Amino acid sequence: MLNIHGLLAPGGRGLLLLAVLVLVVAVGQAKAQAQYTEGVLYSFCSAANCADGVGPEGLIFDSKGNLYGSTGSGTSQDSCPVGCTVIYELSPPAAVGGSWTERVLYPAGGGSLIFDSKGNLYGVGGGVANAGGAVFELSPPSSGSGTWTETVLYSFCSLANCADGYAPRSVIFDSKGNLYGVTQTGGYTSGTVCHDVDIGGCGVVFELSPPSSGSGPWTETVLYSFTGSSDGAEPLVGLILDSQGNLYGATSNGGNESDASICGESSGCGVVFELSPPSAGTSSWTETVLYTFGGGSEGGPGGASGLIFDPSGNLYGTTFYGGNTTYCGGLGCGVVFELSQPSSGSGPWTETVLYSFTDGNDGGQPASGVISDSKGNLYGTTTVYGGLGNGAAFELSPPSGASGAWTESVLYAFSQGSDGFVPDAGLIFDSTGNLYGTTTDGGNLTAACDYAGCGVVFELSPVRPATPATLSAIAH
């Protein structure tokens with residue numbers, strides 16, 4: 001609270017003016033500091049032969065504040081040195097200001113990870129037996145130190161023509177311990193070969209069920225095979241689950257084939273879909289297309305990345321292209337969108353574009369989805385910024401009233417140097433509001449990654465404005 005005692009005494013008018021100026025500066029600083037500072041927690045390829053990994057992907061926390069992730073899947077490096085694909089743990093320093101410590105848990109990985117209630121990690125990686133990809137479990141050592149143990153739960157392309165799927169993307173759990181996920185291709189349907197792959201089929205949604213005995217192979221069930229038509233094709237992002245057991249996801253193309261010329265894709269711009277479990281007396285899951293992207297201002301091609309729900313049941317996500325087609329070679333630089341349920345309870349969902357990127361100082365081409373805080377603000381990353389491939393982290397804030405435009409703020413713009421660049425994975429929060437993520441490039445600028453860097457794990461911390469001095473202190 002301001003103390004102006006004595007400032008109106010003779011000679012005090014100048015002090016009052018000074019105090020007002022100080023107050024104005026303090027308010028101005030508070031607005032200017034509505035941004036984040038970056039700290040690099042770890043730079044990859046810092047070990048011999050890059051045995052610590054190259055090209056990190058998304059992160060998860062455990063209950064103790066350790067970070068876990070994988071590296072190497074889809075790395076853009078021309079020649080990947082030994083150790084590109086690993087699963088790692090990153091532990092915080094014992095004292096403030098110290099270094100985080102990386103430990104390689106297993107020398108193979110790729111894709112996002114999840115925990116079960118016992119501390120085991122689950123993810124997807126290279127196929128062991130059939131080169132079609134696999135879902136694995138990684139179990140910690142019983143003693144707390146030592147080697148983690150990998151168990152392959154299922155290897156894909158185990159059925160004729162890869163009818164079980166090929167190239168899994170990620171998995172999630174239901175409340176009964178079953179795993180659900182998608183494969184990019186496979187699920188062979190006679191005469192259906194998606195345009196940009198050699199494997200028949202346009203992808204599947206699958207379920208993996210644990211053995212009833214507690215040990216042994218898991219059982220895969222294909223819940224749905226995409227046809228590449230109006231139902232979508234080639235899902236590239238993971239699924240989410242609602243409280244009724246319905247699955248939601250998105251495909252990278254398929255949908256409306258008449259939009260192919262707009263999208264640059266032969267079968268459409270992608271769809272958002274819902275997959276509902278069998279009703280009484282039936283055995284098949286039912287796919288419902290909630291929204292079909294048409295390119296242009298509404299988003300696409302490439303479909304949606306990483307969906308989330310809000311408390312009202314609306315879906316949020318991003319597209320890599322689409323939006324304002326003045327930018328990014330006429331395809332648009334991507335959008336953040338909301339999909340709202342129909343008021344009647346059935347029918348297509350309604351898309352609202354919350355923000356269209358321009359590849360200027362707002363960034364562009366988001367390759368991952370968004371996360372939300374308790375106030376409804378959305379956070380994500382873009383792979384480009386200011387016309388360069390360095391990328392940015394952004395916040396999107398809803399309008400204060402019932403209508404109006406959402407406001408985008410760039411929290412941090414990467415510099416193509418030791419701070420990392422090309423953040424193509426999403427962000428996560430810690431309990432105090434700091435954001436964490438990865439970049440596929442930048443960091444340790446060594447020859448191993450063509451001097452572009454092998455990627456970093458970073459933390460973004462909000463800048464807290466300093467407490468302004470009171471006027472009574474200035475008067476004294």
# chains A, B, ... in the order shown; residues from 1 in each chain; ligands from 1
$ residues_around --residues "A:Asp174" --least-positions-apart "5" --cutoff "8 Å" --atoms "only C-alpha atoms" --output "PyMOL selection string"
chain A and resi 179-180+241+245
$ write_last_selection --atoms "C-alpha atoms" --output "JSON list (two decimals), in the first residue's frame"
[["chain", "number", "residue", "atom", "x", "y", "z"],
["A", 179, "LEU", "CA", -3.77, -50.15, -23.92],
["A", 180, "TYR", "CA", -5.14, -48.27, -26.93],
["A", 241, "LEU", "CA", -10.46, -41.32, -23.85],
["A", 245, "GLY", "CA", -14.98, -45.22, -22.93]]
$ residues_around --residues "A:Phe320" --least-positions-apart "2" --cutoff "6 Å" --atoms "only C-alpha atoms" --output "list in words"
Gly334, Gln365, Pro366 and Ala367 of chain A
$ write_last_selection --atoms "C-alpha atoms" --output "tab-separated table (two decimals), in the first residue's frame"
chain	number	residue	atom	x	y	z
A	334	GLY	CA	-1.49	-23.62	-39.19
A	365	GLN	CA	3.43	-24.57	-38.28
A	366	PRO	CA	2.73	-26.20	-34.89
A	367	ALA	CA	3.67	-29.89	-35.01
$ select_by_dssp --residues "stretch 213-387 of chain A" --states "helix (DSSP H, G or I)" --output "PyMOL selection string"
chain A and resi 257-263+296-298
$ closest_residue --among "A:Asp441, A:Thr282, A:Gly404, A:Phe429" --to "A:Pro462" --atoms "only C-alpha atoms"
A:Phe429
$ select_by_dssp --residues "stretch 46-186 of chain A" --states "strand (DSSP E)" --output "PyMOL selection string"
chain A and resi 56-61+67-71+87-91+101-106+114-115+121-125+134-139+149-155+166-173+179-185
$ atom_distance --atom1 "atom CA of A:Gly364" --atom2 "atom CA of A:Ser229"
28.7 Å
$ closest_residue --among "A:Val335, A:Val457, A:Ala163, A:Val86" --to "A:Thr221" --atoms "only C-alpha atoms"
A:Ala163
$ residues_around --residues "A:Asn444" --least-positions-apart "3" --cutoff "9 Å" --atoms "only C-alpha atoms" --output "JSON, numbers by chain"
{"A": [43, 44, 45, 46, 417, 418, 420, 441, 449, 451, 452, 453, 454, 455, 456]}
$ write_last_selection --atoms "N, CA and C atoms" --output "CSV table (one decimal), in the first residue's frame"
chain,number,residue,atom,x,y,z
A,43,SER,N,21.7,-30.9,-22.9
A,43,SER,CA,22.0,-30.9,-24.4
A,43,SER,C,22.4,-32.3,-24.8
A,44,PHE,N,21.8,-32.8,-25.8
A,44,PHE,CA,22.1,-34.2,-26.2
A,44,PHE,C,23.3,-34.3,-27.1
A,45,CYS,N,23.8,-35.5,-27.2
A,45,CYS,CA,25.1,-35.9,-27.9
A,45,CYS,C,26.2,-35.3,-27.1
A,46,SER,N,26.1,-35.4,-25.7
A,46,SER,CA,27.1,-34.9,-24.9
A,46,SER,C,28.0,-36.1,-24.3
A,417,GLY,N,20.5,-21.7,-31.6
A,417,GLY,CA,21.9,-21.9,-31.0
A,417,GLY,C,21.8,-22.8,-29.9
A,418,SER,N,22.6,-22.5,-28.8
A,418,SER,CA,22.7,-23.5,-27.7
A,418,SER,C,21.4,-23.6,-26.9
A,420,GLY,N,18.6,-24.3,-28.3
A,420,GLY,CA,17.8,-25.3,-29.0
A,420,GLY,C,16.9,-24.6,-30.1
A,441,ASP,N,16.7,-29.9,-32.5
A,441,ASP,CA,18.0,-29.4,-32.9
A,441,ASP,C,18.5,-28.4,-31.9
A,449,CYS,N,25.8,-34.0,-35.4
A,449,CYS,CA,24.5,-33.6,-35.9
A,449,CYS,C,24.6,-32.4,-36.9
A,451,TYR,N,26.5,-30.0,-37.0
A,451,TYR,CA,26.8,-28.7,-36.4
A,451,TYR,C,25.5,-27.9,-36.1
A,452,ALA,N,24.3,-28.6,-36.3
A,452,ALA,CA,23.1,-28.0,-36.0
A,452,ALA,C,22.6,-28.3,-34.6
A,453,GLY,N,23.3,-29.1,-33.9
A,453,GLY,CA,22.9,-29.5,-32.5
A,453,GLY,C,22.0,-30.7,-32.6
A,454,CYS,N,22.0,-31.5,-31.5
A,454,CYS,CA,21.2,-32.7,-31.4
A,454,CYS,C,20.0,-32.6,-30.5
A,455,GLY,N,19.7,-31.4,-30.1
A,455,GLY,CA,18.4,-31.2,-29.4
A,455,GLY,C,18.7,-31.0,-27.9
A,456,VAL,N,17.7,-30.4,-27.2
A,456,VAL,CA,17.8,-30.1,-25.8
A,456,VAL,C,16.5,-30.4,-25.1
$ closest_residue --among "A:Leu460, A:Leu208, A:Leu67, A:Cys202" --to "A:Asp231" --atoms "only C-alpha atoms"
A:Cys202
$ closest_residue --among "A:Thr318, A:Thr101, A:Thr251, A:Ser305" --to "A:Val289" --atoms "only C-alpha atoms"
A:Thr251
$ residues_around --residues "A:Gly294" --least-positions-apart "3" --cutoff "7 Å" --atoms "only C-alpha atoms" --output "NGL selection string"
:A and (259 or 269 or 298-300)
$ residues_around --residues "A:Lys375" --least-positions-apart "2" --cutoff "10 Å" --atoms "only C-alpha atoms" --output "ChimeraX atom specification"
/A:372-373,377-378,397-398
$ closest_residue --among "A:Ala392, A:Ala448, A:Leu223, A:Ile87" --to "A:Asp419" --atoms "only C-alpha atoms"
A:Ala392
$ residues_around --residues "A:Tyr122" --least-positions-apart "6" --cutoff "12 Å" --atoms "only C-alpha atoms" --output "PyMOL selection string"
chain A and resi 60+68-70+87+109-116+134-140+149-154+170-173+177-181
$ decode --residues "stretch 254-381 of chain A" --atoms "C-alpha atoms" --output "CSV table (one decimal), in the first residue's frame"
chain,number,residue,atom,x,y,z
A,254,GLY,CA,-8.5,-38.7,-45.9
A,255,GLY,CA,-11.9,-37.1,-45.5
A,256,ASN,CA,-13.1,-35.1,-48.5
A,257,GLU,CA,-11.3,-36.1,-51.6
A,258,SER,CA,-12.5,-33.0,-53.5
A,259,ASP,CA,-10.3,-31.0,-51.1
A,260,ALA,CA,-7.2,-32.9,-52.3
A,261,SER,CA,-6.0,-30.0,-54.6
A,262,ILE,CA,-6.2,-27.6,-51.6
A,263,CYS,CA,-4.3,-29.9,-49.3
A,264,GLY,CA,-1.7,-31.3,-51.6
A,265,GLU,CA,-2.9,-34.7,-50.4
A,266,SER,CA,-4.5,-37.2,-52.7
A,267,SER,CA,-7.3,-38.1,-50.3
A,268,GLY,CA,-8.2,-35.0,-48.4
A,269,CYS,CA,-7.0,-32.9,-45.4
A,270,GLY,CA,-7.8,-35.2,-42.5
A,271,VAL,CA,-10.6,-35.7,-40.0
A,272,VAL,CA,-11.3,-35.7,-36.3
A,273,PHE,CA,-13.1,-38.9,-35.3
A,274,GLU,CA,-14.8,-40.6,-32.4
A,275,LEU,CA,-14.7,-44.4,-31.9
A,276,SER,CA,-17.5,-45.8,-29.7
A,277,PRO,CA,-17.4,-49.2,-28.1
A,278,PRO,CA,-19.9,-51.9,-29.1
A,279,SER,CA,-23.5,-51.4,-27.8
A,280,ALA,CA,-25.5,-54.2,-26.4
A,281,GLY,CA,-25.8,-57.1,-28.8
A,282,THR,CA,-23.1,-55.9,-31.2
A,283,SER,CA,-19.4,-56.6,-31.4
A,284,SER,CA,-18.0,-53.8,-33.6
A,285,TRP,CA,-16.7,-50.4,-32.6
A,286,THR,CA,-18.3,-47.6,-34.5
A,287,GLU,CA,-16.4,-44.7,-36.0
A,288,THR,CA,-18.1,-41.3,-36.2
A,289,VAL,CA,-16.4,-38.4,-38.1
A,290,LEU,CA,-16.8,-35.3,-36.0
A,291,TYR,CA,-15.2,-32.9,-38.4
A,292,THR,CA,-13.6,-33.0,-41.8
A,293,PHE,CA,-10.9,-30.5,-42.6
A,294,GLY,CA,-11.1,-28.7,-45.9
A,295,GLY,CA,-7.9,-26.8,-46.0
A,296,GLY,CA,-7.8,-23.1,-46.4
A,297,SER,CA,-9.0,-21.0,-43.4
A,298,GLU,CA,-10.3,-24.0,-41.4
A,299,GLY,CA,-7.0,-25.9,-41.1
A,300,GLY,CA,-5.2,-28.6,-42.9
A,301,PRO,CA,-3.6,-30.4,-44.6
A,302,GLY,CA,-2.1,-32.7,-42.1
A,303,GLY,CA,-5.2,-32.9,-40.0
A,304,ALA,CA,-5.0,-32.2,-36.3
A,305,SER,CA,-2.2,-32.7,-33.7
A,306,GLY,CA,-2.8,-33.9,-30.2
A,307,LEU,CA,-6.4,-33.3,-29.0
A,308,ILE,CA,-7.4,-32.3,-25.5
A,309,PHE,CA,-10.8,-31.8,-23.8
A,310,ASP,CA,-12.0,-28.8,-21.8
A,311,PRO,CA,-14.5,-29.3,-18.8
A,312,SER,CA,-17.4,-28.7,-21.2
A,313,GLY,CA,-16.4,-31.5,-23.6
A,314,ASN,CA,-15.1,-29.3,-26.3
A,315,LEU,CA,-12.0,-30.5,-28.2
A,316,TYR,CA,-8.9,-28.4,-28.9
A,317,GLY,CA,-6.0,-29.0,-31.2
A,318,THR,CA,-3.7,-27.6,-33.9
A,319,THR,CA,-3.1,-28.1,-37.6
A,320,PHE,CA,0.3,-27.8,-39.3
A,321,TYR,CA,-1.1,-26.0,-42.3
A,322,GLY,CA,-4.2,-24.0,-43.0
A,323,GLY,CA,-5.5,-20.7,-41.7
A,324,ASN,CA,-4.5,-17.5,-43.4
A,325,THR,CA,-3.3,-18.8,-46.8
A,326,THR,CA,-1.4,-15.5,-47.5
A,327,TYR,CA,1.4,-17.2,-45.7
A,328,CYS,CA,3.5,-20.4,-45.9
A,329,GLY,CA,3.4,-20.8,-49.7
A,330,GLY,CA,-0.3,-20.4,-49.9
A,331,LEU,CA,-1.1,-23.3,-47.6
A,332,GLY,CA,-1.3,-21.3,-44.4
A,333,CYS,CA,0.9,-21.7,-41.4
A,334,GLY,CA,-1.5,-23.6,-39.2
A,335,VAL,CA,-4.2,-22.9,-36.7
A,336,VAL,CA,-5.4,-23.6,-33.1
A,337,PHE,CA,-9.0,-24.7,-33.2
A,338,GLU,CA,-11.9,-25.6,-31.0
A,339,LEU,CA,-14.5,-28.3,-31.9
A,340,SER,CA,-17.8,-27.9,-30.1
A,341,GLN,CA,-20.5,-30.5,-29.8
A,342,PRO,CA,-23.8,-30.1,-31.6
A,343,SER,CA,-26.6,-28.7,-29.4
A,344,SER,CA,-28.9,-31.5,-30.5
A,345,GLY,CA,-26.5,-34.2,-29.3
A,346,SER,CA,-25.8,-35.6,-32.8
A,347,GLY,CA,-24.5,-34.4,-36.1
A,348,PRO,CA,-21.2,-32.8,-37.1
A,349,TRP,CA,-19.2,-30.8,-34.6
A,350,THR,CA,-18.6,-27.0,-35.1
A,351,GLU,CA,-15.1,-25.8,-35.7
A,352,THR,CA,-13.9,-22.4,-34.4
A,353,VAL,CA,-10.5,-21.2,-35.4
A,354,LEU,CA,-9.1,-19.6,-32.3
A,355,TYR,CA,-5.9,-18.4,-34.0
A,356,SER,CA,-4.2,-18.5,-37.4
A,357,PHE,CA,-0.4,-18.3,-37.4
A,358,THR,CA,1.5,-16.1,-39.9
A,359,ASP,CA,5.1,-17.3,-39.5
A,360,GLY,CA,6.0,-13.8,-38.4
A,361,ASN,CA,6.7,-12.9,-34.8
A,362,ASP,CA,3.8,-15.1,-33.7
A,363,GLY,CA,5.4,-18.3,-35.0
A,364,GLY,CA,3.9,-20.9,-37.4
A,365,GLN,CA,3.4,-24.6,-38.3
A,366,PRO,CA,2.7,-26.2,-34.9
A,367,ALA,CA,3.7,-29.9,-35.0
A,368,SER,CA,2.1,-30.8,-31.7
A,369,GLY,CA,-1.1,-30.1,-29.8
A,370,VAL,CA,-1.8,-27.7,-26.9
A,371,ILE,CA,-2.2,-28.0,-23.1
A,372,SER,CA,-4.5,-25.9,-20.9
A,373,ASP,CA,-4.1,-24.3,-17.5
A,374,SER,CA,-6.9,-23.8,-14.9
A,375,LYS,CA,-7.9,-20.5,-16.4
A,376,GLY,CA,-8.5,-21.9,-19.9
A,377,ASN,CA,-5.3,-20.5,-21.4
A,378,LEU,CA,-3.7,-22.8,-24.1
A,379,TYR,CA,0.0,-23.4,-24.4
A,380,GLY,CA,2.0,-25.0,-27.3
A,381,THR,CA,5.0,-24.7,-29.6
